[in-house]
file protein16.cif (mmCIF, C-alpha atoms)
data_target
loop_
_atom_site.label_atom_id
_atom_site.label_comp_id
_atom_site.auth_asym_id
_atom_site.auth_seq_id
_atom_site.Cartn_x
_atom_site.Cartn_y
_atom_site.Cartn_z
CA MET C 1 3.62 54.47 -20.17
CA PRO C 2 6.30 57.16 -19.94
CA ASN C 3 9.78 55.84 -19.47
CA ASP C 4 11.35 56.64 -16.15
CA PRO C 5 15.12 56.31 -16.46
CA SER C 6 15.16 54.65 -13.03
CA ASP C 7 12.83 51.86 -14.25
CA LYS C 8 14.56 48.61 -14.92
CA PRO C 9 13.24 46.77 -17.97
CA ARG C 10 10.68 44.14 -16.94
CA ARG C 11 12.22 40.71 -17.31
CA ILE C 12 10.30 38.15 -19.36
CA ARG C 13 11.55 34.60 -19.64
CA VAL C 14 10.69 32.70 -22.79
CA ARG C 15 11.20 28.97 -23.22
CA ARG C 16 10.73 26.59 -26.09
CA GLU C 17 7.96 24.79 -24.23
CA GLY C 18 5.70 26.00 -21.49
CA PRO C 19 4.50 29.42 -20.39
CA VAL C 20 6.17 32.80 -20.70
CA LEU C 21 7.26 33.99 -17.26
CA VAL C 22 6.67 37.66 -16.51
CA GLU C 23 7.58 39.57 -13.38
CA GLY C 24 4.30 40.53 -11.76
CA PRO C 25 1.99 42.18 -11.10
CA VAL C 26 0.52 42.10 -14.59
CA GLU C 27 -2.72 43.03 -16.29
CA VAL C 28 -3.51 41.07 -19.42
CA VAL C 29 -6.02 42.65 -21.80
CA LEU C 30 -7.85 39.98 -23.74
CA GLU C 31 -9.32 40.09 -27.22
CA ASP C 32 -12.82 40.76 -25.91
CA GLY C 33 -11.62 43.82 -24.04
CA THR C 34 -11.81 42.25 -20.59
CA SER C 35 -8.69 42.08 -18.53
CA ALA C 36 -7.20 39.63 -16.07
CA VAL C 37 -4.94 40.77 -13.25
CA SER C 38 -2.36 38.76 -11.32
CA ASP C 39 -0.24 40.20 -8.53
CA ARG C 40 2.10 37.21 -8.11
CA CYS C 41 5.78 38.16 -8.15
CA VAL C 42 6.17 35.79 -11.12
CA VAL C 43 3.28 35.16 -13.47
CA ALA C 44 3.12 32.27 -15.97
CA LEU C 45 1.30 33.27 -19.16
CA CYS C 46 -0.16 30.44 -21.22
CA THR C 47 1.23 30.25 -24.75
CA CYS C 48 -0.28 26.92 -25.86
CA ARG C 49 -3.85 28.26 -25.53
CA ARG C 50 -4.99 25.04 -23.90
CA SER C 51 -5.17 26.42 -20.38
CA ARG C 52 -8.50 26.22 -18.64
CA THR C 53 -7.45 29.23 -16.59
CA TYR C 54 -6.34 31.30 -19.61
CA PRO C 55 -4.39 33.64 -19.75
CA TRP C 56 -2.59 31.90 -16.85
CA CYS C 57 -0.73 28.63 -17.35
CA ASP C 58 -2.34 25.55 -15.78
CA THR C 59 0.25 23.05 -17.13
CA SER C 60 -2.10 21.86 -19.89
CA HIS C 61 0.86 22.11 -22.31
CA ARG C 62 2.36 18.97 -20.78
CA HIS C 63 2.85 15.83 -22.81
CA ARG C 64 0.39 13.06 -22.11
CA ALA C 65 1.25 9.41 -22.28
CA MET K 1 -11.85 32.05 12.15
CA THR K 2 -9.02 31.77 14.62
CA ILE K 3 -6.48 29.04 14.18
CA ASP K 4 -5.40 27.46 17.44
CA GLN K 5 -1.72 28.26 17.92
CA ARG K 6 -1.17 26.23 21.07
CA GLY K 7 0.68 23.01 20.47
CA PRO K 8 -1.47 19.90 20.12
CA ALA K 9 -1.70 17.19 22.77
CA LEU K 10 0.93 14.47 22.61
CA PRO K 11 -0.40 11.54 20.58
CA ASP K 12 -0.92 7.97 21.79
CA GLY K 13 2.00 5.60 21.20
CA ARG K 14 1.81 3.01 18.43
CA GLY K 15 4.45 0.65 19.75
CA GLU K 16 7.58 0.40 21.87
CA VAL K 17 9.60 3.06 20.01
CA SER K 18 6.97 5.79 19.76
CA ALA K 19 5.75 5.15 23.31
CA ALA K 20 9.30 5.65 24.60
CA VAL K 21 9.71 8.97 22.73
CA ILE K 22 6.34 10.25 23.94
CA ALA K 23 7.09 9.23 27.54
CA HIS K 24 10.40 11.10 27.32
CA LEU K 25 8.63 14.27 26.13
CA ARG K 26 6.20 13.88 28.99
CA GLY K 27 9.23 13.99 31.30
CA GLU K 28 8.78 10.50 32.67
CA GLY K 29 12.53 9.89 32.75
CA THR K 30 12.21 6.57 30.93
CA PRO K 31 14.86 5.45 28.41
CA LEU K 32 14.64 6.58 24.81
CA PRO K 33 14.78 4.03 21.97
CA ASP K 34 18.25 2.56 21.45
CA ALA K 35 19.90 1.17 18.32
CA ARG K 36 18.36 -2.27 18.91
CA ALA K 37 14.84 -0.85 19.13
CA ALA K 38 15.36 1.29 16.01
CA ALA K 39 16.74 -1.66 14.06
CA GLY K 40 13.75 -3.78 15.04
CA ALA K 41 11.13 -1.28 13.85
CA ASP K 42 9.54 -1.35 10.38
CA PRO K 43 11.04 1.74 8.72
CA TYR K 44 7.66 2.66 7.19
CA GLY K 45 5.50 1.37 10.02
CA ASP K 46 3.28 3.22 12.49
CA ASP K 47 5.67 2.91 15.42
CA LEU K 48 8.82 4.35 13.81
CA GLN K 49 6.99 6.96 11.72
CA LEU K 50 5.05 8.30 14.69
CA ALA K 51 8.21 8.36 16.83
CA LEU K 52 10.03 10.32 14.14
CA TYR K 53 7.08 12.68 13.71
CA VAL K 54 7.03 13.38 17.44
CA CYS K 55 10.80 13.99 17.40
CA TYR K 56 10.38 16.60 14.65
CA GLU K 57 7.36 18.43 15.96
CA PRO K 58 9.27 20.46 18.61
CA HIS K 59 10.96 22.21 15.64
CA TYR K 60 7.54 23.40 14.43
CA ARG K 61 4.87 24.09 17.06
CA GLY K 62 5.78 21.71 19.86
CA PHE K 63 3.24 19.92 22.05
CA ALA K 64 1.00 21.28 24.77
CA GLY K 65 2.63 20.82 28.17
CA VAL K 66 6.06 19.97 26.73
CA ASP K 67 9.02 22.31 27.40
CA ASP K 68 10.02 24.16 24.21
CA ALA K 69 13.68 23.50 25.08
CA VAL K 70 13.18 19.81 24.28
CA GLU K 71 13.85 20.82 20.64
CA TRP K 72 17.60 20.71 21.39
CA ASP K 73 17.58 17.94 24.00
CA PRO K 74 20.76 15.95 23.12
CA ALA K 75 19.21 12.63 24.18
CA LEU K 76 16.18 13.19 21.97
CA LEU K 77 18.40 14.23 19.05
CA ALA K 78 20.51 11.09 19.48
CA ALA K 79 17.42 8.86 19.40
CA ARG K 80 16.09 10.76 16.42
CA ALA K 81 19.34 10.14 14.52
CA LEU K 82 18.87 6.38 14.94
CA LEU K 83 15.32 6.55 13.60
CA GLU K 84 16.35 8.82 10.72
CA ALA K 85 19.12 6.44 9.69
CA ARG K 86 16.65 3.53 9.65
CA PHE K 87 14.20 5.54 7.49
CA LEU K 88 16.89 6.94 5.15
CA ASP K 89 18.53 3.56 4.59
CA ALA K 90 15.18 2.06 3.65
CA LEU K 91 14.40 4.91 1.24
CA ARG K 92 17.81 4.68 -0.41
CA ARG K 93 17.24 0.94 -0.88
CA ASP K 94 13.59 1.03 -2.01
CA ALA K 95 13.00 4.32 -3.81
CA ALA K 96 15.97 4.67 -6.17
CA ARG K 97 15.13 4.31 -9.85
CA GLY K 98 18.66 4.79 -11.17
CA HIS K 99 18.23 7.77 -13.44
CA GLY K 100 19.66 11.28 -13.78
CA VAL K 101 18.11 14.63 -12.85
CA ASP K 102 16.76 15.39 -16.33
CA GLU K 103 15.11 11.99 -16.70
CA ALA K 104 13.68 12.14 -13.21
CA VAL K 105 12.18 15.60 -13.82
CA ASP K 106 10.92 14.68 -17.30
CA ASP K 107 9.08 11.69 -15.82
CA LEU K 108 7.21 14.04 -13.49
CA LEU K 109 6.20 16.28 -16.39
CA VAL K 110 4.30 13.59 -18.26
CA GLU K 111 0.60 13.44 -17.47
CA PRO K 112 -0.91 9.95 -17.72
CA LEU K 113 -3.88 9.71 -20.09
CA HIS K 114 -5.67 7.40 -17.71
CA GLY K 115 -4.34 8.16 -14.26
CA THR K 116 -5.19 5.88 -11.36
CA GLY K 117 -3.97 7.90 -8.39
CA VAL K 118 -5.91 9.26 -5.47
CA SER K 119 -6.68 12.61 -7.14
CA HIS K 120 -8.05 10.79 -10.20
CA HIS K 121 -10.24 8.64 -7.99
CA LEU K 122 -11.53 11.64 -6.05
CA GLN K 123 -12.27 13.59 -9.23
CA GLU K 124 -14.10 10.73 -10.87
CA GLU K 125 -15.96 9.09 -8.03
CA GLY K 126 -14.86 10.64 -4.76
CA ARG K 127 -17.44 10.64 -1.98
CA LEU K 128 -17.64 13.45 0.54
CA TRP K 129 -16.42 11.20 3.37
CA GLN K 130 -13.38 10.32 1.29
CA LEU K 131 -12.63 14.00 0.64
CA ARG K 132 -12.87 14.62 4.39
CA GLU K 133 -10.48 11.76 5.11
CA TYR K 134 -8.08 12.99 2.44
CA ALA K 135 -8.10 16.49 4.00
CA ALA K 136 -7.66 15.13 7.54
CA GLN K 137 -4.66 13.04 6.43
CA ARG K 138 -3.12 15.87 4.41
CA SER K 139 -3.69 18.39 7.22
CA LEU K 140 -0.52 17.09 8.85
CA TYR K 141 1.36 18.79 6.04
CA HIS K 142 -0.92 21.50 4.74
CA LEU K 143 -1.39 23.18 8.13
CA LYS K 144 2.37 23.78 8.01
CA GLU K 145 2.54 24.03 4.24
CA ALA K 146 5.96 25.14 2.95
CA ASP K 147 7.35 25.41 6.50
CA PRO K 148 9.82 22.48 6.24
CA HIS K 149 11.08 23.90 2.95
CA ALA K 150 11.91 27.30 4.45
CA TRP K 151 14.79 25.62 6.33
CA VAL K 152 16.70 25.17 3.08
CA LEU K 153 16.95 28.92 2.39
CA PRO K 154 20.13 29.61 4.41
CA ARG K 155 21.80 26.68 2.63
CA LEU K 156 21.24 28.11 -0.86
CA TRP K 157 22.56 31.18 -2.58
CA GLY K 158 22.33 32.97 -5.91
CA ARG K 159 19.58 31.89 -8.32
CA ALA K 160 18.59 28.93 -6.18
CA LYS K 161 18.01 31.11 -3.11
CA ALA K 162 16.18 33.85 -5.03
CA GLY K 163 13.93 31.30 -6.75
CA MET K 164 13.21 29.37 -3.58
CA ALA K 165 12.42 32.58 -1.69
CA ALA K 166 10.07 33.74 -4.46
CA VAL K 167 8.11 30.48 -4.29
CA GLU K 168 8.03 30.47 -0.49
CA PHE K 169 6.81 34.09 -0.50
CA ASP K 170 3.86 32.94 -2.61
CA GLU K 171 3.26 29.94 -0.29
CA PHE K 172 3.18 32.30 2.66
CA GLY K 173 0.53 34.49 1.09
CA GLY K 174 2.67 37.12 -0.64
CA GLY K 175 2.54 39.30 2.45
CA ARG K 176 -1.16 38.75 3.18
CA ALA K 177 -2.06 36.59 6.15
CA GLU K 178 -5.40 35.53 4.71
CA ARG K 179 -3.63 34.11 1.64
CA VAL K 180 -1.07 31.96 3.49
CA HIS K 181 -1.58 28.51 2.00
CA ALA K 182 -1.78 26.87 5.42
CA ARG K 183 -4.58 29.31 6.23
CA LEU K 184 -6.37 28.52 2.95
CA PHE K 185 -6.17 24.85 3.95
CA ALA K 186 -7.67 25.59 7.35
CA ASP K 187 -10.53 27.31 5.51
CA LEU K 188 -10.94 24.20 3.35
CA MET K 189 -11.09 22.05 6.48
CA ALA K 190 -13.78 24.31 7.94
CA ASP K 191 -15.82 23.90 4.74
CA LEU K 192 -15.54 20.14 5.18
CA GLY K 193 -16.64 20.31 8.81
CA LEU K 194 -13.20 19.33 10.10
CA ASP K 195 -11.40 20.69 13.17
CA THR K 196 -8.77 23.19 12.00
CA ALA K 197 -6.61 22.96 15.14
CA TYR K 198 -2.98 22.22 14.32
CA GLY K 199 -2.16 18.56 14.98
CA ARG K 200 -5.79 17.64 15.65
CA TYR K 201 -5.62 14.60 13.35
CA LEU K 202 -2.20 13.30 14.39
CA ASN K 203 -3.70 10.29 16.17
CA ALA K 204 -5.91 9.57 13.17
CA ALA K 205 -3.22 9.86 10.50
CA SER K 206 -1.87 6.71 8.87
CA ALA K 207 1.79 5.70 8.78
CA PRO K 208 2.08 6.43 5.03
CA THR K 209 0.83 9.98 5.71
CA LEU K 210 3.34 10.48 8.53
CA ALA K 211 6.13 9.21 6.26
CA THR K 212 5.40 11.85 3.58
CA VAL K 213 5.71 14.61 6.19
CA ASN K 214 8.72 13.06 7.93
CA LEU K 215 10.63 13.09 4.64
CA MET K 216 10.17 16.87 4.44
CA SER K 217 11.27 17.43 8.02
CA LEU K 218 14.25 15.12 7.57
CA CYS K 219 15.47 16.86 4.41
CA GLY K 220 14.62 20.33 5.72
CA LEU K 221 16.48 19.98 8.99
CA HIS K 222 19.71 18.54 7.56
CA ARG K 223 21.94 20.80 5.49
CA SER K 224 23.60 17.64 4.16
CA LEU K 225 20.26 16.80 2.53
CA ARG K 226 19.74 20.21 0.84
CA GLY K 227 19.90 18.59 -2.59
CA ALA K 228 17.26 16.07 -1.58
CA LEU K 229 15.07 18.83 -0.14
CA VAL K 230 15.24 20.68 -3.46
CA GLY K 231 14.38 17.50 -5.39
CA HIS K 232 11.54 16.76 -2.99
CA PHE K 233 10.13 20.29 -3.27
CA ALA K 234 10.38 20.23 -7.07
CA THR K 235 8.37 16.99 -7.08
CA LEU K 236 5.59 18.53 -5.01
CA GLU K 237 5.47 21.66 -7.16
CA ILE K 238 5.63 19.86 -10.51
CA THR K 239 2.93 17.32 -9.68
CA SER K 240 0.68 19.69 -7.76
CA SER K 241 -0.92 21.74 -10.53
CA PRO K 242 -2.69 18.94 -12.46
CA ALA K 243 -3.58 17.10 -9.24
CA SER K 244 -5.01 20.31 -7.79
CA ARG K 245 -7.20 20.71 -10.85
CA ARG K 246 -8.63 17.23 -10.21
CA LEU K 247 -9.11 17.92 -6.51
CA ALA K 248 -10.83 21.25 -7.22
CA LEU K 249 -13.27 19.38 -9.48
CA ALA K 250 -13.74 16.75 -6.77
CA MET K 251 -14.57 19.42 -4.19
CA GLN K 252 -16.95 21.12 -6.60
CA ARG K 253 -18.69 17.85 -7.44
CA ALA K 254 -19.16 16.99 -3.80
CA GLY K 255 -20.45 20.47 -2.99
CA ALA K 256 -17.71 20.89 -0.41
CA GLY K 257 -17.86 24.68 -0.42
CA PRO K 258 -16.09 27.73 -1.84
CA ALA K 259 -13.01 27.66 0.43
CA ALA K 260 -12.48 23.96 -0.31
CA GLU K 261 -12.51 24.69 -4.03
CA LEU K 262 -10.36 27.82 -3.65
CA PHE K 263 -7.52 25.96 -1.95
CA TYR K 264 -7.07 23.76 -4.99
CA THR K 265 -7.84 26.33 -7.74
CA GLU K 266 -5.22 28.59 -6.13
CA HIS K 267 -2.72 25.73 -6.37
CA VAL K 268 -3.49 25.06 -10.05
CA GLU K 269 -2.31 28.54 -10.93
CA ALA K 270 0.35 29.09 -8.27
CA ASP K 271 2.08 25.77 -8.84
CA ALA K 272 2.17 26.21 -12.61
CA VAL K 273 4.42 29.18 -11.82
CA HIS K 274 6.30 27.43 -9.02
CA GLU K 275 7.10 24.47 -11.28
CA GLN K 276 8.92 26.76 -13.73
CA VAL K 277 10.82 28.60 -11.01
CA VAL K 278 11.79 25.46 -9.12
CA ARG K 279 12.98 23.58 -12.21
CA HIS K 280 14.95 26.35 -13.84
CA GLU K 281 16.08 28.55 -10.98
CA VAL K 282 16.19 26.34 -7.89
CA ILE K 283 17.36 23.00 -9.33
CA GLY K 284 19.22 24.73 -12.17
CA GLY K 285 20.86 27.26 -9.86
CA LEU K 286 21.77 24.69 -7.20
CA LEU K 287 23.38 22.30 -9.67
CA GLU K 288 25.27 25.10 -11.39
CA GLN K 289 26.89 25.89 -8.05
CA GLU K 290 27.04 22.39 -6.59
CA PRO K 291 26.92 19.86 -9.43
CA HIS K 292 27.96 17.07 -7.05
CA LEU K 293 24.49 17.30 -5.49
CA ALA K 294 22.76 15.87 -8.58
CA PRO K 295 22.35 12.37 -7.08
CA ASP K 296 20.81 13.94 -3.95
CA VAL K 297 18.30 15.88 -6.04
CA VAL K 298 17.35 12.62 -7.75
CA PHE K 299 17.05 10.90 -4.37
CA GLY K 300 14.68 13.64 -3.19
CA ILE K 301 12.53 13.15 -6.27
CA ASP K 302 12.53 9.35 -6.06
CA ALA K 303 11.84 9.24 -2.33
CA THR K 304 8.93 11.65 -2.71
CA VAL K 305 7.38 9.71 -5.59
CA PHE K 306 7.83 6.45 -3.67
CA LEU K 307 6.21 7.75 -0.47
CA GLU K 308 3.41 9.60 -2.29
CA ASP K 309 2.59 6.40 -4.20
CA ARG K 310 2.45 4.44 -0.94
CA PHE K 311 0.21 7.11 0.56
CA GLY K 312 -2.18 6.97 -2.40
CA GLU K 313 -2.26 3.18 -2.56
CA ASP K 314 -2.99 2.96 1.15
CA LEU K 315 -5.94 5.35 0.88
CA LEU K 316 -7.37 3.68 -2.21
CA GLY K 317 -6.86 0.22 -0.70
CA HIS K 318 -8.90 1.12 2.37
CA TRP K 319 -11.60 2.87 0.36
CA ARG K 320 -11.96 0.02 -2.13
CA ALA K 321 -12.54 -2.27 0.81
CA GLY K 322 -15.18 0.18 2.08
CA ARG K 323 -13.07 1.04 5.12
CA SER K 324 -11.79 4.27 6.61
CA SER K 325 -8.15 5.12 5.86
CA LEU K 326 -7.86 6.78 9.26
CA ARG K 327 -6.93 5.10 12.52
CA THR K 328 -9.83 6.77 14.27
CA PRO K 329 -13.02 7.68 12.42
CA LEU K 330 -14.01 11.31 11.88
CA ASP K 331 -16.79 12.91 13.87
CA GLY K 332 -19.59 14.82 12.26
CA PRO K 333 -21.33 14.23 8.97
CA ALA K 334 -18.58 11.89 7.90
CA THR K 335 -20.44 9.43 5.79
CA VAL K 336 -23.21 11.68 4.52
CA SER K 337 -22.57 12.31 0.87
CA VAL K 338 -23.61 15.47 -0.89
CA GLY K 339 -23.91 15.84 -4.61
CA PRO K 340 -24.12 13.20 -7.28
CA GLU K 341 -23.33 9.76 -6.00
CA PRO K 342 -21.54 7.09 -7.97
CA ASP K 343 -22.95 3.58 -8.12
CA SER K 344 -24.51 2.24 -4.98
CA ASP K 345 -22.26 0.37 -2.58
#

call {"tool": "encode", "arguments": {"input": "protein16.cif", "output": "structure tokens"}}
result
Amino acid sequence: MPNDPSDKPRRIRVRREGPVLVEGPVEVVLEDGTSAVSDRCVVALCTCRRSRTYPWCDTSHRHRA
Amino acid sequence: MTIDQRGPALPDGRGEVSAAVIAHLRGEGTPLPDARAAAGADPYGDDLQLALYVCYEPHYRGFAGVDDAVEWDPALLAARALLEARFLDALRRDAARGHGVDEAVDDLLVEPLHGTGVSHHLQEEGRLWQLREYAAQRSLYHLKEADPHAWVLPRLWGRAKAGMAAVEFDEFGGGRAERVHARLFADLMADLGLDTAYGRYLNAASAPTLATVNLMSLCGLHRSLRGALVGHFATLEITSSPASRRLALAMQRAGAGPAAELFYTEHVEADAVHEQVVRHEVIGGLLEQEPHLAPDVVFGIDATVFLEDRFGEDLLGHWRAGRSSLRTPLDGPATVSVGPEPDSD
């Protein structure tokens, strides 16, 4: 996408555990070519790959005891 | 579907204290509960919890036939303060677990391998009549979902305010009326054959249900409890996503309908985001600015866990005994189960 000097960089928050938080809306293109769209103002992207709603976080990364 | 926006009818009293509050709202000119009456009431019992609920409701939608100005009636506010003190004192005595914010939050983040709560029961062996009762009980909150939490916004600033507003925006549908979570819950109720009118199940709701909602109103309406409100809200958001997954499966299993499933699948995804924002921005931001509020945040967490546990145990206790958890049974196809049934009764 062409850079517009008025665009602010999109903020992405990364943490040691848990999802990556991206300012929405986002379109995620998956390996099989399909894409998933979320228009939330903050989107949580799964990084543990255990989510049953992949690519969105569903808290499956949590510790179980 | 149109959601009835008129206030509900005043409920029936459940004892001396609640009857006095209801009579006052009806304009009967009878005395409101005094300190002696408040002190004599069980802080978690039907009488005090209903009285408190009725005191709070004028701040939301009011009651049919009751003057809106009663919201700021000094006599009613004075009586409410007595009831709130009784409830708060009991919670401070019974709910505290004596830990710090990090420990309290970390406890919420651990998922039990073999959970025994209400959502586990409903996922594994919930019957349709139990799902309907659960929805009727929860409707006291979900039909005003996120409303009590909006009151905290003017008391926050910086990261805490921005984070809280972002989550509330999502709760209120992100600008789309049909996505307001309270509306999604009304759609769920319609799928379950329940009446979606606001306050319709107030008479039916149990004291433990009323207590969970009264805690929100209490913390939302008092600026002095802003830390507790934040801790309370964090608890709801952190525990909601996995529980919503179980409840979505329960709805699917019982064949409850697409809107009933959607309410919970929406919360799986939304609350996974909200958890992150509430922990890092709202709690983190608040305590950066007002570190002295840490014990209040912990109190909000502990009180919520304590009351939610009581709510769940009450439901499961009634159901195990084969009894309704509601004070008045539901109309309609209440006991007709759809979908695979567990073992025979």

call {"tool": "residues_around", "arguments": {"input": "protein16.cif", "residues": "Ser51 of chain C", "least_positions_apart": "4", "cutoff": "12 Å", "atoms": "only C-alpha atoms", "output": "list in words"}}
result
Gly18, Pro19, Ala44, Leu45, Cys46, Thr47, Pro55, Trp56, Cys57, Asp58, Thr59, Ser60, His61 and Arg62 of chain C; Ser241, Pro242, Arg245, Val268, Glu269 and Ala272 of chain K

call {"tool": "resolve_selection", "arguments": {"input": "protein16.cif", "expression": "the PyMOL selection byres ((chain C and resi 36) around 12)", "output": "mmCIF file with C-alpha atoms, in the coordinates of the input"}}
result
data_model
loop_
_atom_site.group_PDB
_atom_site.id
_atom_site.type_symbol
_atom_site.label_atom_id
_atom_site.label_comp_id
_atom_site.auth_asym_id
_atom_site.auth_seq_id
_atom_site.Cartn_x
_atom_site.Cartn_y
_atom_site.Cartn_z
ATOM 1 C CA PRO C 25 1.990 42.180 -11.100
ATOM 2 C CA VAL C 26 0.520 42.100 -14.590
ATOM 3 C CA GLU C 27 -2.720 43.030 -16.290
ATOM 4 C CA VAL C 28 -3.510 41.070 -19.420
ATOM 5 C CA VAL C 29 -6.020 42.650 -21.800
ATOM 6 C CA LEU C 30 -7.850 39.980 -23.740
ATOM 7 C CA GLU C 31 -9.320 40.090 -27.220
ATOM 8 C CA ASP C 32 -12.820 40.760 -25.910
ATOM 9 C CA GLY C 33 -11.620 43.820 -24.040
ATOM 10 C CA THR C 34 -11.810 42.250 -20.590
ATOM 11 C CA SER C 35 -8.690 42.080 -18.530
ATOM 12 C CA VAL C 37 -4.940 40.770 -13.250
ATOM 13 C CA SER C 38 -2.360 38.760 -11.320
ATOM 14 C CA ASP C 39 -0.240 40.200 -8.530
ATOM 15 C CA VAL C 43 3.280 35.160 -13.470
ATOM 16 C CA LEU C 45 1.300 33.270 -19.160
ATOM 17 C CA THR C 53 -7.450 29.230 -16.590
ATOM 18 C CA TYR C 54 -6.340 31.300 -19.610
ATOM 19 C CA PRO C 55 -4.390 33.640 -19.750
ATOM 20 C CA TRP C 56 -2.590 31.900 -16.850
#

call {"tool": "resolve_selection", "arguments": {"input": "protein16.cif", "expression": "the PyMOL selection byres ((chain C and resi 11) around 12)", "output": "list in words"}}
result
Asp7, Lys8, Pro9, Arg10, Ile12, Arg13, Val14, Val20, Leu21, Val22, Glu23, Gly24, Cys41, Val42 and Val43 of chain C

call {"tool": "closest_atom_pairs", "arguments": {"input": "protein16.cif", "of": "chain K", "to": "chain C", "cutoff": "9 Å", "atoms": "all atoms listed in the file", "output": "tab-separated table"}}
result
residue	atom	partner	partner_atom	distance
K:Leu109	CA	C:Arg62	CA	6.4
K:Val110	CA	C:His63	CA	5.3
K:Glu111	CA	C:Arg64	CA	4.7
K:Pro112	CA	C:Ala65	CA	5.1
K:Leu113	CA	C:Ala65	CA	5.6
K:His114	CA	C:Ala65	CA	8.5
K:Ala166	CA	C:Cys41	CA	7.2
K:Val167	CA	C:Val42	CA	8.9
K:Phe169	CA	C:Cys41	CA	8.7
K:Asp170	CA	C:Arg40	CA	7.2
K:Gly174	CA	C:Arg40	CA	7.5
K:Ser241	CA	C:Asp58	CA	6.6
K:Pro242	CA	C:Thr59	CA	6.9
K:Arg245	CA	C:Asp58	CA	8.4
K:Val268	CA	C:Asp58	CA	5.9
K:Glu269	CA	C:Asp58	CA	5.7
K:Ala270	CA	C:Arg40	CA	8.3
K:Asp271	CA	C:Asp58	CA	8.2
K:Ala272	CA	C:Asp58	CA	5.6
K:Val273	CA	C:Ala44	CA	5.3
K:His274	CA	C:Val42	CA	8.6
K:Gln276	CA	C:Leu21	CA	8.2
K:Val277	CA	C:Val42	CA	8.6

call {"tool": "closest_residue", "arguments": {"input": "protein16.cif", "among": "K:Leu83, K:Leu218, K:Ile301, K:Leu229", "to": "Leu286 of chain K", "atoms": "only C-alpha atoms"}}
result
K:Leu229

call {"tool": "residues_around", "arguments": {"input": "protein16.cif", "residues": "Asp67 of chain K", "least_positions_apart": "4", "cutoff": "10 Å", "atoms": "only C-alpha atoms", "output": "list in words"}}
result
Leu25, Arg26, Gly27, Pro58, Gly62, Phe63 and Glu71 of chain K

call {"tool": "atom_distance", "arguments": {"input": "protein16.cif", "atom1": "atom CA of Leu225 of chain K", "atom2": "atom CA of Asp296 of chain K"}}
result
7.1 Å

call {"tool": "atom_distance", "arguments": {"input": "protein16.cif", "atom1": "atom CA of Ala90 of chain K", "atom2": "atom CA of Pro11 of chain K"}}
result
24.9 Å

call {"tool": "build_atoms", "arguments": {"input": "protein16.cif", "residues": "segment 28-40 of chain K", "atoms": "N, CA and C atoms", "output": "PDB file, in the coordinates of the input"}}
result
ATOM      1  N   GLU K  28       8.904  11.652  31.771  1.00  0.00           N
ATOM      2  CA  GLU K  28       8.780  10.500  32.670  1.00  0.00           C
ATOM      3  C   GLU K  28      10.124   9.886  33.023  1.00  0.00           C
ATOM      4  N   GLY K  29      11.197  10.376  32.391  1.00  0.00           N
ATOM      5  CA  GLY K  29      12.530   9.890  32.750  1.00  0.00           C
ATOM      6  C   GLY K  29      12.792   8.449  32.347  1.00  0.00           C
ATOM      7  N   THR K  30      12.026   7.947  31.412  1.00  0.00           N
ATOM      8  CA  THR K  30      12.210   6.570  30.930  1.00  0.00           C
ATOM      9  C   THR K  30      13.192   6.577  29.762  1.00  0.00           C
ATOM     10  N   PRO K  31      13.843   5.444  29.483  1.00  0.00           N
ATOM     11  CA  PRO K  31      14.860   5.450  28.410  1.00  0.00           C
ATOM     12  C   PRO K  31      14.262   5.676  27.021  1.00  0.00           C
ATOM     13  N   LEU K  32      15.030   6.355  26.201  1.00  0.00           N
ATOM     14  CA  LEU K  32      14.640   6.580  24.810  1.00  0.00           C
ATOM     15  C   LEU K  32      15.005   5.344  23.979  1.00  0.00           C
ATOM     16  N   PRO K  33      14.455   5.201  22.786  1.00  0.00           N
ATOM     17  CA  PRO K  33      14.780   4.030  21.970  1.00  0.00           C
ATOM     18  C   PRO K  33      16.289   3.957  21.686  1.00  0.00           C
ATOM     19  N   ASP K  34      16.834   2.745  21.763  1.00  0.00           N
ATOM     20  CA  ASP K  34      18.250   2.560  21.450  1.00  0.00           C
ATOM     21  C   ASP K  34      18.388   1.952  20.053  1.00  0.00           C
ATOM     22  N   ALA K  35      19.644   1.667  19.675  1.00  0.00           N
ATOM     23  CA  ALA K  35      19.900   1.170  18.320  1.00  0.00           C
ATOM     24  C   ALA K  35      19.163  -0.147  18.058  1.00  0.00           C
ATOM     25  N   ARG K  36      19.045  -0.979  19.097  1.00  0.00           N
ATOM     26  CA  ARG K  36      18.360  -2.270  18.910  1.00  0.00           C
ATOM     27  C   ARG K  36      16.883  -2.044  18.607  1.00  0.00           C
ATOM     28  N   ALA K  37      16.276  -1.121  19.341  1.00  0.00           N
ATOM     29  CA  ALA K  37      14.840  -0.850  19.130  1.00  0.00           C
ATOM     30  C   ALA K  37      14.613  -0.257  17.740  1.00  0.00           C
ATOM     31  N   ALA K  38      15.513   0.675  17.339  1.00  0.00           N
ATOM     32  CA  ALA K  38      15.360   1.290  16.010  1.00  0.00           C
ATOM     33  C   ALA K  38      15.506   0.240  14.923  1.00  0.00           C
ATOM     34  N   ALA K  39      16.481  -0.642  15.081  1.00  0.00           N
ATOM     35  CA  ALA K  39      16.740  -1.660  14.060  1.00  0.00           C
ATOM     36  C   ALA K  39      15.575  -2.641  13.948  1.00  0.00           C
ATOM     37  N   GLY K  40      14.843  -2.814  15.054  1.00  0.00           N
ATOM     38  CA  GLY K  40      13.750  -3.780  15.040  1.00  0.00           C
ATOM     39  C   GLY K  40      12.448  -3.223  14.496  1.00  0.00           C
TER      40      GLY K  40
END
